[in-house]
file model-v8.txt (compact mmCIF, C-alpha atoms)
# COMPACT_ATOMS: atom_id res chain seq x y z
CA MET P 179 0.90 7.64 20.67
CA SER P 180 0.16 11.35 20.35
CA GLN P 181 3.75 11.90 19.12
CA THR P 182 3.20 9.18 16.49
CA ARG P 183 -0.08 10.80 15.46
CA SER P 184 1.67 14.18 15.11
CA VAL P 185 4.44 12.71 12.95
CA ALA P 186 1.90 10.97 10.71
CA ASP P 187 -0.26 14.13 10.48
CA ALA P 188 2.76 16.21 9.41
CA TYR P 189 3.95 13.61 6.90
CA ILE P 190 0.52 13.21 5.29
CA ALA P 191 0.08 17.00 5.16
CA SER P 192 3.45 17.28 3.38
CA LEU P 193 2.06 15.15 0.55
CA GLY P 194 -0.40 17.88 -0.39
CA ALA P 195 -3.53 16.86 -2.28
CA ALA P 196 -2.43 13.20 -2.37
CA GLY P 197 -2.86 12.89 1.42
CA ARG P 198 -5.83 13.43 3.70
CA ARG P 199 -6.78 12.92 7.31
CA VAL P 200 -9.87 10.71 7.44
CA ALA P 201 -10.42 10.52 11.21
CA ASP P 202 -8.40 10.68 14.41
CA GLY P 203 -5.51 8.28 13.81
CA GLU P 204 -6.58 7.47 10.24
CA TRP P 205 -5.29 8.84 6.94
CA GLY P 206 -5.59 8.20 3.23
CA VAL P 207 -2.98 8.62 0.51
CA THR P 208 -3.57 8.29 -3.22
CA ILE P 209 -0.59 7.65 -5.44
CA ASP P 210 -1.82 8.49 -8.93
CA ASP P 211 0.21 6.09 -11.05
CA VAL P 212 1.28 2.74 -9.70
CA ALA P 213 1.74 0.55 -12.79
CA GLY P 214 -0.92 2.46 -14.68
CA TRP P 215 -3.66 3.21 -12.17
CA PRO P 216 -4.03 4.76 -8.70
CA LEU P 217 -3.10 3.06 -5.46
CA HIS P 218 -5.39 4.15 -2.62
CA VAL P 219 -3.58 3.58 0.67
CA GLY P 220 -5.34 3.53 4.02
CA ILE P 221 -3.24 4.25 7.09
CA ARG P 222 -4.39 3.62 10.65
CA LEU P 223 -2.80 3.98 14.07
CA ALA P 224 -4.20 1.38 16.49
CA ASP P 225 -3.04 -1.15 19.08
CA GLY P 226 0.51 0.19 19.14
CA PHE P 227 1.08 -0.09 15.38
CA LEU P 228 0.75 2.13 12.34
CA ARG P 229 -0.66 0.02 9.48
CA ALA P 230 -0.71 0.98 5.81
CA GLN P 231 -2.68 -1.13 3.34
CA ALA P 232 -4.06 -0.98 -0.18
CA GLU P 233 -5.78 -3.20 -2.72
CA VAL P 234 -3.31 -4.19 -5.42
CA VAL P 235 -5.28 -6.42 -7.84
CA GLY P 236 -8.64 -8.13 -7.90
CA ALA P 237 -9.46 -11.79 -7.36
CA GLY P 238 -8.04 -14.39 -9.71
CA GLN P 239 -5.16 -12.24 -10.93
CA ILE P 240 -2.37 -13.88 -8.95
CA ALA P 241 -2.11 -17.43 -7.62
CA ASP P 242 -1.95 -18.06 -3.87
CA HIS P 243 1.40 -19.85 -4.18
CA GLU P 244 2.78 -16.81 -6.03
CA LEU P 245 1.76 -14.59 -3.08
CA LEU P 246 3.68 -16.84 -0.71
CA LEU P 247 6.71 -16.88 -2.98
CA ARG P 248 6.72 -13.10 -3.31
CA ASN P 249 6.26 -12.63 0.45
CA ARG P 250 9.59 -14.42 1.01
CA SER P 251 11.45 -11.55 -0.66
CA LEU P 252 9.51 -8.67 0.91
CA ARG P 253 10.60 -6.74 3.99
CA VAL P 254 8.30 -4.72 6.26
CA VAL P 255 5.33 -5.23 3.89
CA ARG P 256 3.49 -8.39 2.85
CA LEU P 257 0.86 -9.53 0.40
CA ALA P 258 -2.47 -10.90 1.60
CA HIS P 259 -5.83 -11.68 0.11
CA THR P 260 -9.41 -11.24 1.22
CA GLY P 261 -11.94 -14.05 1.44
CA ALA P 262 -13.12 -12.97 -2.01
CA GLY P 263 -9.55 -13.27 -3.36
CA ASP P 264 -8.65 -9.59 -3.83
CA VAL P 265 -4.93 -9.06 -3.23
CA TRP P 266 -3.80 -6.40 -0.76
CA ILE P 267 -0.41 -5.10 0.29
CA VAL P 268 -0.07 -4.50 4.05
CA GLY P 269 2.73 -3.05 6.16
CA ASP P 270 3.08 -2.29 9.86
CA LEU P 271 5.39 -0.11 11.93
CA PRO P 272 5.51 -0.18 15.71
CA ALA P 273 4.14 3.17 16.88
CA ALA P 274 7.42 3.93 18.68
CA ALA P 275 9.34 3.53 15.39
CA VAL P 276 7.23 5.99 13.38
CA SER P 277 9.26 8.86 11.98
CA THR P 278 9.05 10.77 8.72
CA THR P 279 11.88 8.61 7.36
CA GLU P 280 10.29 5.31 8.42
CA LEU P 281 6.83 6.31 7.22
CA ASP P 282 8.25 7.29 3.84
CA ARG P 283 10.16 3.98 3.73
CA LEU P 284 7.01 2.01 4.59
CA LEU P 285 4.98 3.67 1.85
CA GLY P 286 7.85 3.33 -0.63
CA LEU P 287 8.09 -0.43 0.05
CA LEU P 288 4.31 -0.70 -0.25
CA VAL P 289 4.34 1.05 -3.63
CA ALA P 290 7.30 -1.02 -4.88
CA ALA P 291 5.58 -4.32 -4.01
CA ALA P 292 2.25 -3.17 -5.52
CA THR P 293 4.06 -2.12 -8.70
CA ASP P 294 5.79 -5.49 -8.97
CA VAL P 295 2.51 -7.39 -8.60
CA ARG P 296 0.62 -5.16 -11.01
CA LEU P 297 3.28 -5.43 -13.70
CA THR P 298 3.69 -9.20 -13.45
CA PRO P 299 0.44 -10.77 -12.22
CA LEU P 300 -0.38 -14.38 -12.99
CA GLY P 301 -3.63 -15.99 -13.98
CA GLY P 302 -5.87 -13.34 -15.46
CA ALA P 303 -6.71 -9.84 -16.61
CA ARG P 304 -5.08 -6.91 -14.90
CA GLY P 305 -6.59 -4.05 -12.96
CA PRO P 306 -8.23 -3.62 -9.56
CA GLY P 307 -11.53 -5.37 -9.03
CA THR P 308 -13.05 -7.75 -11.54
CA GLY P 309 -13.30 -5.44 -14.53
CA GLY P 310 -9.66 -4.35 -14.81
CA SER P 311 -7.88 -3.78 -18.08
CA PRO P 312 -4.21 -4.02 -19.03
CA ARG P 313 -2.20 -0.93 -18.29
CA ALA P 314 1.47 0.03 -18.39
CA GLY P 315 3.57 2.35 -16.28
CA ALA P 316 5.61 2.35 -13.12
CA GLY P 317 4.99 3.30 -9.52
CA ALA P 318 6.56 6.10 -7.54
CA SER P 319 7.23 6.92 -3.94
CA PRO P 320 4.54 9.12 -2.36
CA ARG P 321 7.10 11.93 -2.27
CA GLY P 322 7.77 11.59 -6.02
call {"tool": "encode", "arguments": {"input": "model-v8.txt", "output": "structure tokens"}}
result
Amino acid sequence: MSQTRSVADAYIASLGAAGRRVADGEWGVTIDDVAGWPLHVGIRLADGFLRAQAEVVGAGQIADHELLLRNRSLRVVRLAHTGAGDVWIVGDLPAAAVSTTELDRLLGLLVAAATDVRLTPLGGARGPGTGGSPRAGAGASPRG
């Protein structure tokens, strides 16, 4: 897994100020504008997988059945919710499959799914957490 860690370190470093190493095998990436507000992505290498995840919208902003419906069309990433109802986007890569190309693909798919949810949520006000406000805009790949 040291090769995987090295690939992830180099990729995150290539993002400049948007990326940071949080701890051994853990990184953070902030994409400034994903449908109008930042997407803070946590990345962790553990148990043979590299996982990337981020909160997309707060509780009550998308119905559970809509999450399931959207998950049917997603590849590599999936939507999930916490016990409190906050919606997250999560994606995993087997550690052996981690390359710059695959890591960029994973984050691009994560951003695309988060953008889709943020632009077309159901059932409430928009924005992360409970005090969100409507916003417009579109997401971008971490590499711009």
call {"tool": "closest_atom_pairs", "arguments": {"input": "model-v8.txt", "of": "stretch 199-270 of chain P", "to": "stretch 278-282 of chain P", "cutoff": "12 Å", "atoms": "only C-alpha atoms", "output": "tab-separated table"}}
result
residue	atom	partner	partner_atom	distance
P:Val207	CA	P:Asp282	CA	11.8
P:Ile221	CA	P:Leu281	CA	10.3
P:Phe227	CA	P:Leu281	CA	11.9
P:Leu228	CA	P:Leu281	CA	9.0
P:Arg229	CA	P:Leu281	CA	10.0
P:Ala230	CA	P:Leu281	CA	9.3
P:Val254	CA	P:Glu280	CA	10.5
P:Gly269	CA	P:Leu281	CA	10.3
P:Asp270	CA	P:Leu281	CA	9.7
call {"tool": "residues_around", "arguments": {"input": "model-v8.txt", "residues": "P:Gly226", "least_positions_apart": "2", "cutoff": "10 Å", "atoms": "all atoms listed in the file", "output": "list in words"}}
result
Met179, Thr182, Leu223, Ala224, Leu228, Arg229, Asp270, Leu271, Pro272, Ala273 and Ala274 of chain P
call {"tool": "atom_distance", "arguments": {"input": "model-v8.txt", "atom1": "atom CA of P:Val295", "atom2": "atom CA of P:Val235"}}
result
7.9 Å
call {"tool": "closest_residue", "arguments": {"input": "model-v8.txt", "among": "P:Ala201, P:Arg253, P:Gly206, P:His218", "to": "P:Tyr189", "atoms": "only C-alpha atoms"}}
result
P:Gly206
call {"tool": "residues_around", "arguments": {"input": "model-v8.txt", "residues": "P:Leu288", "least_positions_apart": "5", "cutoff": "8 Å", "atoms": "all atoms listed in the file", "output": "compact mmCIF listing (two decimals) with C-alpha atoms, keeping the file's coordinate frame"}}
result
# COMPACT_ATOMS: atom_id res chain seq x y z
CA GLN P 231 -2.68 -1.13 3.34
CA VAL P 255 5.33 -5.23 3.89
CA ILE P 267 -0.41 -5.10 0.29
CA VAL P 268 -0.07 -4.50 4.05
CA GLY P 269 2.73 -3.05 6.16
call {"tool": "closest_residue", "arguments": {"input": "model-v8.txt", "among": "P:Ala232, P:Val212, P:Ala195, P:Ala188", "to": "P:Arg296", "atoms": "all atoms listed in the file"}}
result
P:Val212
call {"tool": "closest_residue", "arguments": {"input": "model-v8.txt", "among": "P:Leu217, P:Ala186, P:Val276, P:Ala258", "to": "P:Asp202", "atoms": "all atoms listed in the file"}}
result
P:Ala186
call {"tool": "atom_distance", "arguments": {"input": "model-v8.txt", "atom1": "atom CA of P:Ser184", "atom2": "atom CA of P:Ala291"}}
result
26.9 Å
call {"tool": "atom_distance", "arguments": {"input": "model-v8.txt", "atom1": "atom CA of P:Ala213", "atom2": "atom CA of P:Asp264"}}
result
17.1 Å
call {"tool": "residues_around", "arguments": {"input": "model-v8.txt", "residues": "P:Leu257", "least_positions_apart": "4", "cutoff": "8 Å", "atoms": "all atoms listed in the file", "output": "ChimeraX atom specification"}}
result
/P:245-246,248-249,265-268
call {"tool": "closest_residue", "arguments": {"input": "model-v8.txt", "among": "P:Asp242, P:Thr208, P:Ser277, P:Gly263", "to": "P:Asp187", "atoms": "only C-alpha atoms"}}
result
P:Ser277
call {"tool": "build_atoms", "arguments": {"input": "model-v8.txt", "residues": "stretch 238-273 of chain P", "atoms": "N, CA and C atoms", "output": "compact mmCIF listing (two decimals), in the frame of the given file"}}
result
# COMPACT_ATOMS: atom_id res chain seq x y z
N GLY P 238 -8.37 -13.57 -8.56
CA GLY P 238 -8.04 -14.39 -9.71
C GLY P 238 -6.90 -13.87 -10.56
N GLN P 239 -6.22 -12.83 -10.12
CA GLN P 239 -5.16 -12.24 -10.93
C GLN P 239 -3.76 -12.66 -10.51
N ILE P 240 -3.66 -13.34 -9.39
CA ILE P 240 -2.37 -13.88 -8.95
C ILE P 240 -2.66 -15.12 -8.10
N ALA P 241 -1.91 -16.17 -8.33
CA ALA P 241 -2.11 -17.43 -7.62
C ALA P 241 -1.64 -17.33 -6.18
N ASP P 242 -2.32 -18.07 -5.29
CA ASP P 242 -1.95 -18.06 -3.87
C ASP P 242 -0.48 -18.43 -3.65
N HIS P 243 0.00 -19.45 -4.37
CA HIS P 243 1.40 -19.85 -4.18
C HIS P 243 2.36 -18.75 -4.61
N GLU P 244 1.96 -17.93 -5.60
CA GLU P 244 2.78 -16.81 -6.03
C GLU P 244 2.85 -15.74 -4.93
N LEU P 245 1.74 -15.53 -4.22
CA LEU P 245 1.76 -14.59 -3.08
C LEU P 245 2.77 -15.03 -2.04
N LEU P 246 2.74 -16.32 -1.72
CA LEU P 246 3.68 -16.84 -0.71
C LEU P 246 5.12 -16.70 -1.18
N LEU P 247 5.36 -17.01 -2.43
CA LEU P 247 6.71 -16.88 -2.98
C LEU P 247 7.19 -15.44 -2.93
N ARG P 248 6.34 -14.52 -3.33
CA ARG P 248 6.72 -13.10 -3.31
C ARG P 248 6.93 -12.59 -1.89
N ASN P 249 6.12 -13.07 -0.94
CA ASN P 249 6.26 -12.63 0.45
C ASN P 249 7.64 -12.98 1.02
N ARG P 250 8.26 -14.02 0.53
CA ARG P 250 9.59 -14.42 1.01
C ARG P 250 10.64 -13.36 0.74
N SER P 251 10.45 -12.56 -0.31
CA SER P 251 11.45 -11.55 -0.66
C SER P 251 11.10 -10.16 -0.15
N LEU P 252 9.93 -9.99 0.43
CA LEU P 252 9.51 -8.67 0.91
C LEU P 252 9.99 -8.42 2.33
N ARG P 253 10.25 -7.16 2.64
CA ARG P 253 10.60 -6.74 3.99
C ARG P 253 9.62 -5.65 4.41
N VAL P 254 9.18 -5.70 5.63
CA VAL P 254 8.30 -4.72 6.26
C VAL P 254 6.86 -4.82 5.75
N VAL P 255 6.66 -5.09 4.46
CA VAL P 255 5.33 -5.23 3.89
C VAL P 255 5.10 -6.69 3.48
N ARG P 256 3.83 -7.04 3.28
CA ARG P 256 3.49 -8.39 2.85
C ARG P 256 2.21 -8.35 2.02
N LEU P 257 2.06 -9.37 1.20
CA LEU P 257 0.86 -9.53 0.40
C LEU P 257 -0.13 -10.41 1.14
N ALA P 258 -1.41 -10.12 0.97
CA ALA P 258 -2.47 -10.90 1.60
C ALA P 258 -3.66 -10.89 0.66
N HIS P 259 -4.63 -11.76 0.92
CA HIS P 259 -5.83 -11.68 0.11
C HIS P 259 -7.06 -11.80 1.00
N THR P 260 -8.13 -11.22 0.50
CA THR P 260 -9.41 -11.24 1.22
C THR P 260 -10.08 -12.59 0.97
N GLY P 261 -11.17 -12.83 1.67
CA GLY P 261 -11.94 -14.05 1.44
C GLY P 261 -12.43 -14.15 0.01
N ALA P 262 -12.66 -13.00 -0.63
CA ALA P 262 -13.12 -12.97 -2.01
C ALA P 262 -11.96 -13.14 -3.00
N GLY P 263 -10.71 -13.08 -2.50
CA GLY P 263 -9.55 -13.27 -3.36
C GLY P 263 -8.84 -12.01 -3.82
N ASP P 264 -9.35 -10.83 -3.47
CA ASP P 264 -8.65 -9.59 -3.83
C ASP P 264 -7.31 -9.55 -3.11
N VAL P 265 -6.28 -9.09 -3.80
CA VAL P 265 -4.93 -9.06 -3.23
C VAL P 265 -4.63 -7.67 -2.69
N TRP P 266 -4.15 -7.63 -1.45
CA TRP P 266 -3.80 -6.40 -0.76
C TRP P 266 -2.33 -6.43 -0.39
N ILE P 267 -1.74 -5.25 -0.27
CA ILE P 267 -0.41 -5.10 0.29
C ILE P 267 -0.58 -4.43 1.66
N VAL P 268 0.10 -4.96 2.67
CA VAL P 268 -0.07 -4.50 4.05
C VAL P 268 1.31 -4.33 4.68
N GLY P 269 1.48 -3.26 5.43
CA GLY P 269 2.73 -3.05 6.16
C GLY P 269 2.45 -2.43 7.51
N ASP P 270 3.25 -2.80 8.50
CA ASP P 270 3.08 -2.29 9.86
C ASP P 270 4.39 -1.73 10.39
N LEU P 271 4.27 -0.66 11.16
CA LEU P 271 5.39 -0.11 11.93
C LEU P 271 4.97 -0.03 13.38
N PRO P 272 5.84 -0.43 14.31
CA PRO P 272 5.51 -0.18 15.71
C PRO P 272 5.36 1.34 15.91
N ALA P 273 4.40 1.74 16.68
CA ALA P 273 4.14 3.17 16.88
C ALA P 273 5.40 3.92 17.33
